[in-house]
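Just below is one structure, and these are the notes that go with it.
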Amino acid sequence: MALTKLWIRVFKDESYNQEILPGFFALLNPSEYSLSRSNNWERNQSVGSPQPEHSYVGGEPDQLSMSLLFDGTGAAGYVGPVDGLSGKFLDLMKYQGDAHEPYFLKICWGTLVFPGVLKSATVNYTLFNQGGLPLRAKIDASFEQVVPASDTMAEADPSSPDLTHVWEVRDGDRLDHISWKIYGRPDYWCEIARVNGLGSSRGLESGQQLTLPPLELSGRAV
């Protein structure tokens, strides 16, 4: 079975549709990589409360970190200075004048497919020839995930019935119809009416703003 080299594909923008460079193949595969994920939470301490209340702000982009070794001694099949190879790697951070931003990347190796940008890279040269040219380099690289906005919205599912929505009434709207569209059942209209101080399912005015509560507030199961 042939050895699969880590491959960094290069794209013009975050849609990842237009591949603009041949990409970058690692001279030696990393011995390890690390993925990290984090969320943002706010803590609000109410007067007289023994514990702060936590509210979810949002998720941070995933982070990918790895070290890549460039060896020009012949041990990896390549002989010669490695500053050109490390320079090509650093070029992945190069600013695109027409796009006004650096390249977008996909790091591919085995089951790993990580879309994002090269956030930072540090090159350490550790071996030199008689002319002072580097024969070995180690690059510590950090990538930050960037996904298309359409994918982010699809994953977040903003139409979820577990979220609060604001509905602008259009001609012909009725609470039971709105309930069906959002919650998948018409009989939730009475909860919408209660939250908005309405007495019936009809008589809505075009342009009226309705608050559609998450299902969990009613204590009723869907």
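Simple scheme: letters A, B, ... for chains in structure tokens order, numbers from 1 for residues in each chain, numbers from 1 for ligands in the order shown.
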
Check: Skipping near chain neighbours, those fewer than 5 positions away, what residues fall within 7 Å of range 131-141 of chain A using only C-alpha atoms, listed as a PyMOL selection string?
Finding: chain A and resi 65-73+80-83+120-126

Notebook entry, point to check: Taking into account only C-alpha atoms, which residue in the set A:Leu204, A:Val146, A:Leu85, A:Leu210 is nearest to Tyr16 in chain A?
Noted result: A:Val146

Next item on the list: Please return as a list of chain:residue names: the residues of range 16-89 of chain A that backbone DSSP assigns to helix (DSSP H, G or I).
Entry: A:Asp83, A:Gly84, A:Leu85, A:Ser86, A:Gly87, A:Lys88, A:Phe89

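Here CA of Val147 in chain A is placed at a distance of 8.9 Å from CA of Pro61 in chain A.
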
Next item on the list: Would you mind writing down, as a ChimeraX atom specification, each residue of range 8-178 of chain A that DSSP on the backbone assigns to strand (DSSP E or B)?
Entry: /A:8-11,19-25,33-36,39-44,53-59,63-71,73,79,95-96,101-102,104-109,112-128,134-145,165-168

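A straight line drawn from CA of Lys12 in chain A to CA of Lys88 in chain A is 16.7 Å long.
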
Item checked: Separation of CA of Gly97 in chain A from CA of Leu64 in chain A in Å ->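 Pair CA of Leu64 in chain A / CA of Gly97 in chain A returns 26.2 Å.
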